[in-house]
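Everything below belongs to coords27.pdb, which stores PDB, C-alpha atoms.
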```
ATOM      1  CA  MET I   1     130.893  68.344 121.699
ATOM      2  CA  ASP I   2     129.261  66.444 124.566
ATOM      3  CA  SER I   3     127.697  63.376 122.928
ATOM      4  CA  MET I   4     127.612  61.217 119.821
ATOM      5  CA  LYS I   5     123.982  62.235 119.322
ATOM      6  CA  GLU I   6     124.978  65.896 119.194
ATOM      7  CA  ALA I   7     127.863  65.135 116.838
ATOM      8  CA  TYR I   8     125.637  63.202 114.422
ATOM      9  CA  GLU I   9     123.014  65.970 114.591
ATOM     10  CA  ARG I  10     125.712  68.525 113.730
ATOM     11  CA  LEU I  11     126.423  66.466 110.594
ATOM     12  CA  ASP I  12     122.686  65.943 109.947
ATOM     13  CA  LEU I  13     123.059  62.164 110.166
ATOM     14  CA  PRO I  14     121.181  59.499 112.135
ATOM     15  CA  ASP I  15     123.163  58.139 115.077
ATOM     16  CA  ASN I  16     123.280  54.697 113.438
ATOM     17  CA  ALA I  17     124.935  55.988 110.252
ATOM     18  CA  SER I  18     127.683  53.785 108.799
ATOM     19  CA  ARG I  19     131.311  54.853 108.435
ATOM     20  CA  GLU I  20     130.788  55.122 104.666
ATOM     21  CA  GLU I  21     127.791  57.441 105.195
ATOM     22  CA  LEU I  22     129.855  59.530 107.623
ATOM     23  CA  GLU I  23     132.709  59.942 105.124
ATOM     24  CA  GLU I  24     130.314  60.791 102.275
ATOM     25  CA  ARG I  25     128.471  63.354 104.411
ATOM     26  CA  TYR I  26     131.663  65.081 105.582
ATOM     27  CA  THR I  27     132.979  65.242 102.004
ATOM     28  CA  LEU I  28     129.665  66.706 100.783
ATOM     29  CA  LEU I  29     129.619  69.335 103.531
ATOM     30  CA  MET I  30     133.204  70.329 102.751
ATOM     31  CA  LYS I  31     132.196  70.825  99.117
ATOM     32  CA  GLN I  32     129.121  72.875 100.106
ATOM     33  CA  PHE I  33     131.067  75.127 102.477
ATOM     34  CA  ARG I  34     133.726  75.801  99.831
ATOM     35  CA  SER I  35     131.012  76.662  97.324
ATOM     36  CA  GLU I  36     129.413  78.996  99.891
ATOM     37  CA  GLN I  37     132.770  80.685 100.534
ATOM     38  CA  ARG I  38     133.167  81.269  96.834
ATOM     39  CA  ARG I  39     129.705  82.830  96.551
ATOM     40  CA  ASN I  40     130.088  84.931  99.729
ATOM     41  CA  PRO I  41     133.743  85.973 100.049
ATOM     42  CA  ASP I  42     132.831  88.716 102.548
ATOM     43  CA  ASN I  43     131.588  86.044 104.991
ATOM     44  CA  ALA I  44     134.523  83.671 104.445
ATOM     45  CA  GLU I  45     135.645  83.729 108.094
ATOM     46  CA  GLU I  46     132.154  83.074 109.444
ATOM     47  CA  ILE I  47     131.688  80.191 106.969
ATOM     48  CA  LYS I  48     135.095  78.804 107.917
ATOM     49  CA  ALA I  49     134.127  78.911 111.610
ATOM     50  CA  ARG I  50     130.923  76.959 110.905
ATOM     51  CA  PHE I  51     132.836  74.322 108.964
ATOM     52  CA  SER I  52     135.289  74.090 111.861
ATOM     53  CA  GLU I  53     132.378  72.954 114.053
ATOM     54  CA  ILE I  54     131.501  70.320 111.441
ATOM     55  CA  THR I  55     135.106  69.080 111.501
ATOM     56  CA  LYS I  56     135.041  68.908 115.321
ATOM     57  CA  ALA I  57     131.913  66.736 115.164
ATOM     58  CA  TYR I  58     133.523  64.493 112.524
ATOM     59  CA  LYS I  59     136.666  64.032 114.638
ATOM     60  CA  PHE I  60     134.566  63.424 117.772
ATOM     61  CA  ILE I  61     132.705  60.558 116.094
ATOM     62  CA  LEU I  62     135.949  58.970 114.853
ATOM     63  CA  GLU I  63     137.505  59.189 118.323
ATOM     64  CA  GLU I  64     134.373  57.825 120.013
ATOM     65  CA  GLU I  65     134.289  54.893 117.599
ATOM     66  CA  ARG I  66     137.931  54.186 118.395
ATOM     67  CA  ARG I  67     137.185  54.284 122.146
ATOM     68  CA  ARG I  68     134.236  51.912 121.764
ATOM     69  CA  SER I  69     136.395  49.564 119.707
ATOM     70  CA  VAL I  70     138.942  49.482 122.545
ATOM     71  CA  GLU I  71     136.179  48.783 125.081
ATOM     72  CA  GLU I  72     134.843  45.962 122.916
ATOM     73  CA  MET I  73     138.313  44.417 122.711
ATOM     74  CA  ALA I  74     138.540  44.579 126.521
ATOM     75  CA  ARG I  75     135.098  42.989 126.854
ATOM     76  CA  GLN I  76     136.118  40.112 124.587
ATOM     77  CA  ARG I  77     139.375  39.719 126.498
ATOM     78  CA  TYR I  78     137.626  39.164 129.834
ATOM     79  CA  ALA I  79     134.598  37.289 128.448
ATOM     80  CA  LYS I  80     136.251  33.941 129.255
ATOM     81  CA  PHE I  81     135.849  34.715 132.974
ATOM     82  CA  LYS I  82     132.062  34.852 132.463
ATOM     83  CA  GLY I  83     130.436  35.985 135.728
ATOM     84  CA  PHE I  84     133.807  37.008 137.148
ATOM     85  CA  ALA I  85     134.715  39.170 134.131
ATOM     86  CA  GLY I  86     134.303  42.399 136.091
ATOM     87  CA  THR I  87     136.399  41.116 139.002
ATOM     88  CA  ALA I  88     139.098  39.815 136.649
ATOM     89  CA  GLU I  89     139.278  43.163 134.893
ATOM     90  CA  LYS I  90     139.608  45.053 138.185
ATOM     91  CA  ILE I  91     142.379  42.731 139.394
ATOM     92  CA  ASP I  92     144.177  43.088 136.093
ATOM     93  CA  HIS I  93     143.918  46.863 136.288
ATOM     94  CA  PHE I  94     145.110  46.829 139.913
ATOM     95  CA  LEU I  95     148.186  44.759 139.039
ATOM     96  CA  ARG I  96     148.952  46.919 136.060
ATOM     97  CA  TYR I  97     148.632  50.074 138.104
ATOM     98  CA  TYR I  98     151.109  49.064 140.790
ATOM     99  CA  ARG I  99     153.418  47.284 138.404
ATOM    100  CA  PHE I 100     153.837  50.442 136.405
ATOM    101  CA  HIS I 101     153.378  52.920 139.239
ATOM    102  CA  LEU I 102     157.079  53.648 139.457
ATOM    103  CA  LEU I 103     157.426  53.622 135.711
ATOM    104  CA  GLY I 104     154.525  56.047 135.569
ATOM    105  CA  ALA I 105     156.340  58.471 137.849
ATOM    106  CA  ILE I 106     159.452  58.198 135.699
ATOM    107  CA  ALA I 107     157.301  58.758 132.629
ATOM    108  CA  VAL I 108     155.847  61.940 134.161
ATOM    109  CA  ILE I 109     159.353  63.253 134.746
ATOM    110  CA  GLY I 110     160.230  62.294 131.186
ATOM    111  CA  ILE I 111     157.173  64.124 129.885
ATOM    112  CA  LEU I 112     158.112  67.247 131.833
ATOM    113  CA  VAL I 113     161.640  67.134 130.422
ATOM    114  CA  TYR I 114     160.229  66.567 126.937
ATOM    115  CA  ALA I 115     157.807  69.488 127.369
ATOM    116  CA  ILE I 116     160.632  71.805 128.416
ATOM    117  CA  ILE I 117     162.796  70.718 125.487
ATOM    118  CA  SER I 118     159.830  71.047 123.105
ATOM    119  CA  PHE I 119     159.119  74.555 124.384
ATOM    120  CA  ILE I 120     162.741  75.566 123.863
ATOM    121  CA  ASN I 121     162.732  74.026 120.387
ATOM    122  CA  HIS I 122     159.451  75.757 119.592
ATOM    123  CA  GLN I 123     160.887  79.131 120.564
ATOM    124  CA  GLU I 124     163.979  78.458 118.469
ATOM    125  CA  GLU I 125     161.767  77.433 115.531
ATOM    126  CA  LYS I 126     159.752  80.648 115.878
ATOM    127  CA  GLN I 127     162.948  82.663 115.790
ATOM    128  CA  ARG I 128     164.163  80.695 112.773
ATOM    129  CA  LEU I 129     160.908  81.247 110.859
ATOM    130  CA  ALA I 130     160.943  84.941 111.757
ATOM    131  CA  SER I 131     164.393  85.242 110.204
ATOM    132  CA  LEU I 132     163.312  83.609 106.926
ATOM    133  CA  PRO I 133     162.258  85.643 103.881
ATOM    134  CA  PRO I 134     158.516  85.753 103.080
ATOM    135  CA  VAL I 135     157.001  82.833 101.172
ATOM    136  CA  ASP I 136     156.911  83.350  97.403
ATOM    137  CA  LEU I 137     154.697  80.314  96.718
ATOM    138  CA  SER I 138     153.113  77.419  98.607
ATOM    139  CA  VAL I 139     152.458  74.146  96.770
ATOM    140  CA  MET I 140     150.659  70.965  97.818
ATOM    141  CA  PHE I 141     151.399  67.778  95.886
ATOM    142  CA  LEU I 142     148.199  65.750  96.177
ATOM    143  CA  GLY I 143     148.163  62.165  94.939
ATOM    144  CA  THR I 144     150.218  58.997  94.934
ATOM    145  CA  TYR I 145     153.425  60.981  95.349
ATOM    146  CA  MET I 146     156.332  59.956  97.566
ATOM    147  CA  LEU I 147     159.911  61.024  98.047
ATOM    148  CA  GLY I 148     162.472  58.597  96.678
ATOM    149  CA  ASP I 149     163.594  57.654 100.194
ATOM    150  CA  ALA I 150     159.970  57.511 101.474
ATOM    151  CA  GLY I 151     160.845  60.302 103.930
ATOM    152  CA  THR I 152     158.925  63.420 104.949
ATOM    153  CA  ASP I 153     161.620  66.074 104.514
ATOM    154  CA  TYR I 154     160.369  68.224 101.640
ATOM    155  CA  THR I 155     163.440  70.472 101.564
ATOM    156  CA  PRO I 156     164.831  68.772  98.406
ATOM    157  CA  ILE I 157     161.592  69.566  96.535
ATOM    158  CA  GLU I 158     161.642  73.178  97.727
ATOM    159  CA  GLU I 159     165.262  73.538  96.698
ATOM    160  CA  ALA I 160     164.533  72.021  93.269
ATOM    161  CA  ILE I 161     161.742  74.557  92.668
ATOM    162  CA  LEU I 162     163.879  77.471  93.865
ATOM    163  CA  ALA I 163     166.587  76.378  91.415
ATOM    164  CA  GLN I 164     164.014  76.820  88.642
ATOM    165  CA  PHE I 165     162.900  80.224  89.972
ATOM    166  CA  PRO I 166     166.052  82.099  91.046
ATOM    167  CA  GLU I 167     164.031  85.282  91.478
ATOM    168  CA  TRP I 168     162.244  83.661  94.442
ATOM    169  CA  GLN I 169     163.671  83.234  97.925
ATOM    170  CA  ARG I 170     161.328  80.785  99.624
ATOM    171  CA  VAL I 171     158.865  78.075  98.619
ATOM    172  CA  GLU I 172     156.739  75.966 100.970
ATOM    173  CA  VAL I 173     155.905  72.410  99.879
ATOM    174  CA  THR I 174     153.674  69.742 101.400
ATOM    175  CA  VAL I 175     153.033  66.260 100.016
ATOM    176  CA  THR I 176     149.661  64.695 100.846
ATOM    177  CA  TYR I 177     149.406  61.054  99.864
ATOM    178  CA  VAL I 178     146.112  59.930  98.304
ATOM    179  CA  PRO I 179     145.925  56.123  97.948
ATOM    180  CA  PRO I 180     144.144  54.424  95.015
ATOM    181  CA  LEU I 181     140.419  55.022  95.437
ATOM    182  CA  ASP I 182     139.533  51.404  94.678
ATOM    183  CA  SER I 183     141.818  50.037  97.405
ATOM    184  CA  SER I 184     140.287  47.775 100.073
ATOM    185  CA  ASN I 185     143.311  48.082 102.363
ATOM    186  CA  PRO I 186     142.280  49.480 105.814
ATOM    187  CA  GLN I 187     145.561  51.394 105.958
ATOM    188  CA  ASP I 188     144.660  53.162 102.711
ATOM    189  CA  ALA I 189     141.277  54.118 104.202
ATOM    190  CA  ALA I 190     143.122  55.739 107.127
ATOM    191  CA  MET I 191     145.423  57.561 104.706
ATOM    192  CA  LEU I 192     142.373  58.866 102.845
ATOM    193  CA  GLN I 193     140.936  60.233 106.108
ATOM    194  CA  LYS I 194     144.242  61.916 106.859
ATOM    195  CA  ALA I 195     144.305  63.474 103.391
ATOM    196  CA  LEU I 196     140.744  64.751 103.869
ATOM    197  CA  LEU I 197     141.693  66.488 107.121
ATOM    198  CA  MET I 198     144.766  68.016 105.447
ATOM    199  CA  LEU I 199     142.578  69.452 102.695
ATOM    200  CA  SER I 200     140.171  70.941 105.239
ATOM    201  CA  THR I 201     142.951  72.741 107.139
ATOM    202  CA  GLU I 202     145.685  73.590 104.596
ATOM    203  CA  ARG I 203     145.321  76.408 102.052
ATOM    204  CA  PRO I 204     148.222  76.315  99.545
ATOM    205  CA  ASP I 205     148.473  78.628  96.544
ATOM    206  CA  MET I 206     148.753  75.713  94.133
ATOM    207  CA  TYR I 207     147.801  72.073  93.898
ATOM    208  CA  ILE I 208     149.753  69.616  91.790
ATOM    209  CA  MET I 209     147.802  66.386  91.601
ATOM    210  CA  ASP I 210     147.373  63.192  89.625
ATOM    211  CA  GLN I 211     144.241  61.819  87.964
ATOM    212  CA  ASN I 212     143.454  59.718  91.043
ATOM    213  CA  ALA I 213     143.365  62.768  93.332
ATOM    214  CA  PHE I 214     141.391  64.768  90.760
ATOM    215  CA  ASN I 215     138.756  62.034  90.597
ATOM    216  CA  TRP I 216     138.491  62.280  94.398
ATOM    217  CA  VAL I 217     138.297  66.037  95.016
ATOM    218  CA  GLY I 218     138.629  67.795  91.662
ATOM    219  CA  HIS I 219     134.911  68.585  91.471
ATOM    220  CA  GLN I 220     134.605  70.077  94.975
ATOM    221  CA  GLY I 221     135.284  73.722  94.130
ATOM    222  CA  MET I 222     138.834  73.801  95.489
ATOM    223  CA  LEU I 223     140.411  74.914  92.186
ATOM    224  CA  GLN I 224     140.182  78.159  90.230
ATOM    225  CA  ASN I 225     138.999  78.496  86.642
ATOM    226  CA  LEU I 226     142.134  78.671  84.459
ATOM    227  CA  GLU I 227     140.280  80.015  81.408
ATOM    228  CA  PRO I 228     141.156  83.715  82.032
ATOM    229  CA  HIS I 229     144.848  82.795  82.277
ATOM    230  CA  LEU I 230     144.650  80.553  79.210
ATOM    231  CA  GLN I 231     143.375  83.592  77.298
ATOM    232  CA  GLY I 232     146.039  85.780  78.900
ATOM    233  CA  GLU I 233     149.493  84.955  80.268
ATOM    234  CA  LEU I 234     149.334  81.275  79.236
ATOM    235  CA  LYS I 235     147.849  81.825  75.785
ATOM    236  CA  ASP I 236     151.051  81.207  73.817
ATOM    237  CA  VAL I 237     152.337  78.244  75.840
ATOM    238  CA  ALA I 238     149.294  76.127  76.743
ATOM    239  CA  ALA I 239     147.594  75.513  73.405
ATOM    240  CA  SER I 240     148.617  71.862  73.103
ATOM    241  CA  GLN I 241     148.453  70.901  76.770
ATOM    242  CA  GLN I 242     145.975  68.424  78.217
ATOM    243  CA  MET I 243     143.430  69.982  80.585
ATOM    244  CA  LEU I 244     141.232  68.520  83.295
ATOM    245  CA  SER I 245     137.898  70.280  83.728
ATOM    246  CA  ALA I 246     135.324  70.611  86.503
ATOM    247  CA  PRO I 247     132.277  72.836  87.174
ATOM    248  CA  MET I 248     132.688  75.903  89.390
ATOM    249  CA  GLU I 249     129.139  75.483  90.703
ATOM    250  CA  GLU I 250     127.109  72.314  91.140
ATOM    251  CA  GLY I 251     125.334  71.659  87.871
ATOM    252  CA  GLY I 252     127.305  74.381  86.084
ATOM    253  CA  PRO I 253     129.411  74.039  82.920
ATOM    254  CA  GLU I 254     132.839  72.456  83.198
ATOM    255  CA  VAL I 255     135.857  74.728  82.863
ATOM    256  CA  PRO I 256     139.605  73.950  82.806
ATOM    257  CA  VAL I 257     141.031  73.777  86.358
ATOM    258  CA  LEU I 258     144.213  71.728  85.897
ATOM    259  CA  ILE I 259     146.874  71.674  83.199
ATOM    260  CA  ASP I 260     149.342  68.885  82.410
ATOM    261  CA  ILE I 261     152.986  69.873  83.106
ATOM    262  CA  MET I 262     154.505  66.398  82.719
ATOM    263  CA  GLY I 263     155.799  67.459  79.303
ATOM    264  CA  SER I 264     158.184  69.944  80.915
ATOM    265  CA  GLN I 265     161.853  69.204  81.353
ATOM    266  CA  LEU I 266     161.629  70.993  84.704
ATOM    267  CA  GLU I 267     159.396  68.285  86.216
ATOM    268  CA  GLU I 268     162.246  65.800  85.862
ATOM    269  CA  GLN I 269     164.187  67.814  88.430
ATOM    270  CA  LEU I 270     161.582  67.315  91.170
ATOM    271  CA  PRO I 271     162.735  64.477  93.484
ATOM    272  CA  LEU I 272     159.386  62.700  93.662
ATOM    273  CA  LEU I 273     158.137  59.276  92.606
ATOM    274  CA  ARG I 274     155.274  60.109  90.259
ATOM    275  CA  ASN I 275     153.574  59.370  86.960
ATOM    276  CA  GLU I 276     151.373  62.450  86.474
ATOM    277  CA  TYR I 277     151.573  66.162  87.259
ATOM    278  CA  TYR I 278     148.492  68.347  86.753
ATOM    279  CA  ALA I 279     148.944  71.894  88.074
ATOM    280  CA  GLY I 280     146.143  74.189  89.189
ATOM    281  CA  ILE I 281     145.577  77.258  91.336
ATOM    282  CA  SER I 282     143.854  76.877  94.688
ATOM    283  CA  TYR I 283     140.556  78.697  95.150
ATOM    284  CA  GLY I 284     141.996  80.378  98.268
ATOM    285  CA  ALA I 285     145.363  81.262  96.686
ATOM    286  CA  GLU I 286     147.087  84.362  98.055
ATOM    287  CA  ARG I 287     149.760  84.416  95.326
ATOM    288  CA  ILE I 288     147.895  84.009  92.044
ATOM    289  CA  GLU I 289     150.478  85.844  89.949
ATOM    290  CA  GLU I 290     153.286  83.617  91.229
ATOM    291  CA  SER I 291     151.127  80.516  90.618
ATOM    292  CA  VAL I 292     150.603  81.524  86.988
ATOM    293  CA  THR I 293     154.343  82.226  86.689
ATOM    294  CA  PHE I 294     155.058  78.703  87.976
ATOM    295  CA  ILE I 295     152.796  77.078  85.378
ATOM    296  CA  LYS I 296     154.082  79.290  82.575
ATOM    297  CA  ARG I 297     157.741  78.579  83.392
ATOM    298  CA  TYR I 298     157.079  74.838  83.210
ATOM    299  CA  LEU I 299     155.205  75.073  79.928
ATOM    300  CA  GLU I 300     157.937  77.244  78.416
ATOM    301  CA  ASN I 301     160.488  74.479  78.965
ATOM    302  CA  PRO I 302     159.214  71.379  77.123
ATOM    303  CA  LYS I 303     161.188  68.164  76.976
ATOM    304  CA  GLN I 304     163.385  67.835  73.956
ATOM    305  CA  PRO I 305     162.304  65.164  71.458
TER     306      PRO I 305
END
```

Could you express the structure from this file as structure tokens?
Amino acid sequence: MDSMKEAYERLDLPDNASREELEERYTLLMKQFRSEQRRNPDNAEEIKARFSEITKAYKFILEEERRRSVEEMARQRYAKFKGFAGTAEKIDHFLRYYRFHLLGAIAVIGILVYAIISFINHQEEKQRLASLPPVDLSVMFLGTYMLGDAGTDYTPIEEAILAQFPEWQRVEVTVTYVPPLDSSNPQDAAMLQKALLMLSTERPDMYIMDQNAFNWVGHQGMLQNLEPHLQGELKDVAASQQMLSAPMEEGGPEVPVLIDIMGSQLEEQLPLLRNEYYAGISYGAERIEESVTFIKRYLENPKQP
């Protein structure tokens, strides 16, 4: 990506498009590409590669806007010098350069040491992952979910799920925070961007989300139709459960894609701050049978009155 003009053209937007228009366009394209993948599974890799170019253009625009914002802050900083603004900026840069020249050299050494340590740690992590059993299920919690200690170590959640499924050896969990959609907090807007990028790169077997997250992305073709399972393996355990529905194709009929598992006693064992759990199977799931087993196990263990 060489220019903002090229990036906006890649997204089919005018180069004066607002941030809101950019976000809406990227979300729409993500939905369209997922729909195209579903219709043409044989060309999934080629479609994924095209969407990767869209994501590169999106990231390029965000980074360029950040750079321009920094330049504008610098311009305002030196505006008080009026005609000498350029000279003042050069002097400031000169002083900064030599003041931190030695520190810069020390920083380079520190970076080299950090790189070596990171490489060693990376190799050790590769060896550790190679020694682990294969993944039985991957789950993304998508919504206003947080660990009780506000940390990012998801091991307690993985261990809680494994305790409920002793026949499994390994579960992978990620938690992607989705702030309230009506929030005007700039930090929440940044969190929403982060969540969008996570959704465009991660492919879990299952999503567990709240109503807020469903309202945001539930109609974008990222979830499978649960109807065949509701007529099959889940027939005897899901009759009274609340469902959330969405169309599989734009303009198509709505079908059940998420099922409420908050009524299960098992959900109380998950160490997350939450108020809703709707479970569904990802469109790109590799382990569909295990995903259905997960939902069924939860529905088979209702809370006692």

Near-segment 244-247 of chain I list (8 Å; only C-alpha atoms; drop same-chain fewer than 2 positions) as a PyMOL selection string: chain I and resi 218-219+221+242+249-259

Would you mind exporting C-alpha atoms of the selected residues as a CSV table (one decimal), in the coordinates of the input?
```
chain,number,residue,atom,x,y,z
I,218,GLY,CA,138.6,67.8,91.7
I,219,HIS,CA,134.9,68.6,91.5
I,221,GLY,CA,135.3,73.7,94.1
I,242,GLN,CA,146.0,68.4,78.2
I,249,GLU,CA,129.1,75.5,90.7
I,250,GLU,CA,127.1,72.3,91.1
I,251,GLY,CA,125.3,71.7,87.9
I,252,GLY,CA,127.3,74.4,86.1
I,253,PRO,CA,129.4,74.0,82.9
I,254,GLU,CA,132.8,72.5,83.2
I,255,VAL,CA,135.9,74.7,82.9
I,256,PRO,CA,139.6,74.0,82.8
I,257,VAL,CA,141.0,73.8,86.4
I,258,LEU,CA,144.2,71.7,85.9
I,259,ILE,CA,146.9,71.7,83.2
```

Suppose you want the space between atom CA of Glu6 of chain I and atom CA of Ala57 of chain I; what is it in Å?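 Separating atom CA of Glu6 of chain I from atom CA of Ala57 of chain I is a distance of 8.1 Å.
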
Please measure the separation of atom CA of Ile157 of chain I and atom CA of Ala195 of chain I, giving the value in Å to one decimal. 19.6 Å

Hey, which of I:Ala160, I:Ala213, I:Ile111, I:Leu230 ends up closest to Val178 of chain I? Count all atoms listed in the file.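 Under the stated criterion, the closest residue is I:Ala213.
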
Of the candidates I:Glu233, I:Leu13, I:Thr176, I:Pro41, which shows the shortest atom-to-atom distance to Leu29 of chain I, using only C-alpha atoms?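 With only C-alpha atoms as the atom set, the closest residue is I:Leu13.
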
Can you find the residues with an atom no farther than 10 Å from (149.7, 61.3, 98.6), counting all atoms listed in the file, and report them as a ChimeraX atom specification? /I:140-146,174-180,191-192,194-195,209-210,212-213

Expansion of the PyMOL selection byres ((chain I and resi 32) around 12) into residues, as a VMD selection string: chain I and resid 25 to 31 33 to 39 47 to 48 50 to 51 54 219 to 222 248 to 250

Would you export the selected residues with C-alpha atoms as a compact mmCIF listing (two decimals), in the coordinates of the input, please?
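File selection-v8.txt, as written:
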```
# COMPACT_ATOMS: atom_id res chain seq x y z
CA ARG I 25 128.47 63.35 104.41
CA TYR I 26 131.66 65.08 105.58
CA THR I 27 132.98 65.24 102.00
CA LEU I 28 129.66 66.71 100.78
CA LEU I 29 129.62 69.33 103.53
CA MET I 30 133.20 70.33 102.75
CA LYS I 31 132.20 70.82 99.12
CA PHE I 33 131.07 75.13 102.48
CA ARG I 34 133.73 75.80 99.83
CA SER I 35 131.01 76.66 97.32
CA GLU I 36 129.41 79.00 99.89
CA GLN I 37 132.77 80.68 100.53
CA ARG I 38 133.17 81.27 96.83
CA ARG I 39 129.71 82.83 96.55
CA ILE I 47 131.69 80.19 106.97
CA LYS I 48 135.10 78.80 107.92
CA ARG I 50 130.92 76.96 110.90
CA PHE I 51 132.84 74.32 108.96
CA ILE I 54 131.50 70.32 111.44
CA HIS I 219 134.91 68.58 91.47
CA GLN I 220 134.60 70.08 94.98
CA GLY I 221 135.28 73.72 94.13
CA MET I 222 138.83 73.80 95.49
CA MET I 248 132.69 75.90 89.39
CA GLU I 249 129.14 75.48 90.70
CA GLU I 250 127.11 72.31 91.14
```

For the PyMOL selection byres ((chain I and resi 285) around 9), applied here, can you spell out every residue it catches as a PDB file with C-alpha atoms, in the frame of the given file?
```
ATOM      1  CA  SER I 138     153.113  77.419  98.607  1.00  0.00           C
ATOM      2  CA  ARG I 203     145.321  76.408 102.052  1.00  0.00           C
ATOM      3  CA  PRO I 204     148.222  76.315  99.545  1.00  0.00           C
ATOM      4  CA  ASP I 205     148.473  78.628  96.544  1.00  0.00           C
ATOM      5  CA  MET I 206     148.753  75.713  94.133  1.00  0.00           C
ATOM      6  CA  GLN I 224     140.182  78.159  90.230  1.00  0.00           C
ATOM      7  CA  ILE I 281     145.577  77.258  91.336  1.00  0.00           C
ATOM      8  CA  SER I 282     143.854  76.877  94.688  1.00  0.00           C
ATOM      9  CA  TYR I 283     140.556  78.697  95.150  1.00  0.00           C
ATOM     10  CA  GLY I 284     141.996  80.378  98.268  1.00  0.00           C
ATOM     11  CA  GLU I 286     147.087  84.362  98.055  1.00  0.00           C
ATOM     12  CA  ARG I 287     149.760  84.416  95.326  1.00  0.00           C
ATOM     13  CA  ILE I 288     147.895  84.009  92.044  1.00  0.00           C
ATOM     14  CA  SER I 291     151.127  80.516  90.618  1.00  0.00           C
TER      15      SER I 291
END
```

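Coordinates place atom CA of Leu162 of chain I at a distance of 16.3 Å from atom CA of Glu289 of chain I.
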
Selection dump of the PyMOL selection byres ((chain I and resi 293-300) around 8), as a list in words: Glu233, Leu234, Val237, Ala238, Ile261, Gly263, Ser264, Gln265, Leu266, Glu267, Ala279, Glu289, Glu290, Ser291, Val292, Asn301 and Pro302 of chain I

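Within 12 Å of Glu159 of chain I, once all atoms listed in the file are used and residues closer than 2 positions along the same chain are dropped, the contacting residues are Asp153, Tyr154, Thr155, Pro156, Ile157, Ile161, Leu162, Ala163, Gln164, Phe165, Pro166, Trp168, Gln169, Arg170, Val171, Glu172, Val173, Gln269, Leu270 and Pro271 of chain I.
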